[in-house]
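Q: Mind looking over this structure? Questions follow.
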Amino acid sequence: MSLDVITSHPILATTGSVVALTLATSMFSFGKNQFPVAGRLVIVTGGSQGMGKSVALLLAARGASIVIIARNQTKLDAALLEISAAATSPDQKFLAISADLTSGAETTRAFEEVKEKLGVPDIVWQCAGGTVPGYFKDYSSDELEREMAMNYFTALHTAHAAVKMMTAAPPSKLKRQIVLTSSVVAFYPIAGYNAYSPAKAAIRSLADGLRQECLLYDINVAACFPATIYTPGFEEEQKTKPELTKILEGADEGQTPEQVVVACVKGLEKGEKIITTTLMGSAMRGGAWGGSPRGSVLLDTLFAWVLVVVWAIVGKFMDMDVVKYKKRLEKEGRKI
Ligand SMILES: NC(=O)C1=CN([C@@H]2O[C@H](COP(=O)(O)OP(=O)(O)OC[C@H]3O[C@@H](n4cnc5c(N)ncnc54)[C@H](OP(=O)(O)O)[C@@H]3O)[C@@H](O)[C@H]2O)C=CC1
Ligand SMILES: CCCCCCCCCCCCCCCC(=O)[C@@H](N)CO
């Protein structure tokens, strides 16, 4: 096909220009760090333990000022001591604020305190969240609502307070940034997480839509999608996690919070928006892209093609594990 044919055909010409533009933009941004942190003010929600604490530790070591927000003051104080010890410059500031981020009013109060004491945040990274896994039939409706509040409302109020404060502030030289924390269950929900996965899927949806809207305000919005992370929250989960959920998520090796954070920061530095932390996570993302902006165009396209077929098979196998488990329970005379 000659170039003439391409340029004379409106659909081909449009597709061609979009592909060329995407490649040019990705080449242009290649090598440029899209997530500078030194000297910047970062709020980390859920920064008192687990993944959030690892985010705070890494960014403190890279020269950022850090505010951690969580509920328990004792845990906050202990974590802040550790985080401030990771500082590399005397100019870095550290602050811990106790707030329940399921409440919009509390979230606003915490953000106002940050502004008053240290200024408008440059980066807001939401990590607060967690789950009490279980069989759907066993939750009370209050418990179901609590999972939504704990995961989605915390993220929603945090993003809202951040966008309101950032858009009201004078423009900053470096782009301001919001990072949300979802989970791979937003791509592929499994049995035992049905109170939790929909809240994480809602975060994915918010990240995609807000990213688009925030192009208006010159604020970057990204979200990360870890699989199993070995954290205090995970330890707690294991206590109530159905055996079946453990079997299904056994396909995943798990990562330390440090590994997860290094992978997320790498993605952010490359300017990625929907960030996975393992190859399996990328495969799951590849099968669930929708209209989200791509990370690695080549890999994601390949996965998107292959996964159409792979999901048909893997999905069946996963379902078969469930049926196998049900039969095992019946055979052993056990009830769930
Ligand atoms: N661990 C895992 O396997 C995975 C976790 N994730 C997600 O990563 C994030 C971090 O998980 P992880 O490190 O395991 O969690 P942890 O339970 O270890 O830590 C959760 C943090 O969030 C804070 N927090 C919880 N609820 C609230 C609230 N209502 N208001 C303010 N702060 C709150 C906690 O402090 P306090 O209790 O004092 O408020 C704590 O600092 C979560 O969003 C989780 O869903 C995603 C994939 C896998
Ligand atoms: C196409 C590629 C093959 C796909 C195989 C599917 C394997 C499913 C693994 C699911 C892992 C779920 C981790 C959830 C972590 C989480 O969010 C909770 N621990 C909450 O803290």
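If you're wondering about the labels, chains in the structure tokens are A, B, ... by order shown, residues count from 1 in each chain, ligands from 1 in order shown.
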Which residues are near ligand 2 in this structure, taking near to mean any atom at most 8 Å from a ligand atom and counting only C-alpha atoms and all ligand atoms? Format them as a ChimeraX atom specification.
A: /A:129-131,182-185,188-190,193,196-197,226-229,233-234,237,248-252,280-281,283-284,287,307,310-311,314-315,318
Q: May I have the residues within 7 Å of ligand 1, computed using only C-alpha atoms and all ligand atoms, as a PyMOL selection string?
A: chain A and resi 45-52+69-73+75+99-102+127-131+150-151+154+181-184+225-234
Q: Could you state the separation of atom CA of Ser292 of chain A and atom CA of Ile274 of chain A in Å, given to one decimal place?
A: 7.5 Å
Q: Quick one: DSSP alpha helix (DSSP H) residues in segment 61-288 of chain A, as a PyMOL selection string?
A: chain A and resi 61+73-85+104-117+141-148+154-168+197-214+232-240+243-248+257-269+279-286
Q: Run DSSP on the backbone and tell me which residues of segment 106-277 of chain A come out as strand (DSSP E or B); list them as a list of chain:residue names.
A: A:Ile123, A:Val124, A:Trp125, A:Gln126, A:Arg176, A:Gln177, A:Ile178, A:Val179, A:Leu180, A:Thr181, A:Ile219, A:Asn220, A:Val221, A:Ala222, A:Ala223, A:Cys224, A:Phe225, A:Ile229, A:Gln255, A:Ile274, A:Ile275, A:Thr276
Q: Could you tell me how far atom CA of Ala223 of chain A sits from atom CA of Gly254 of chain A, in Å to one decimal place?
A: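 Atom CA of Gly254 of chain A sits 18.9 Å away from atom CA of Ala223 of chain A.
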Q: From the options A:Ser98, A:Gly267, A:Ala60, A:Asp91, which residue's atoms come nearest to Asp77 of chain A, counting only C-alpha atoms?
A: A:Ser98
Q: Interatomic distance between atom CA of Gly119 of chain A and atom CA of Lys273 of chain A?
A: 25.9 Å
Q: Let me make sure I understand: among A:Ile203, A:Ala79, A:Val67, A:Leu59, which one has the smallest atom-to-atom distance to Phe153 of chain A if we use only C-alpha atoms?
A: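 Among the listed residues, the smallest separation from Phe153 of chain A belongs to A:Ile203.
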Q: Any idea what's packed within 9 Å of segment 36-41 of chain A, counting only C-alpha atoms, ignoring anything in its chain fewer than 2 positions away? Could you give it as a ChimeraX atom specification?
A: /A:33-34,43,59-67,89,91-93,118-124,174,269
Q: Have a look at A:Ser84, A:Thr167, A:Asn194, A:Thr108 and name the one nearest to Phe136 of chain A; count only C-alpha atoms.
A: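 Using only C-alpha atoms, Phe136 of chain A sits closest to A:Asn194.
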Q: For segment 262-266 of chain A, list every protein, DNA or RNA residue within 8 Å, evaluated using only C-alpha atoms, and leave out those in the same chain fewer than 4 positions away; present the list as a VMD selection string.
A: chain A and resid 35 224 258 270 275 to 277
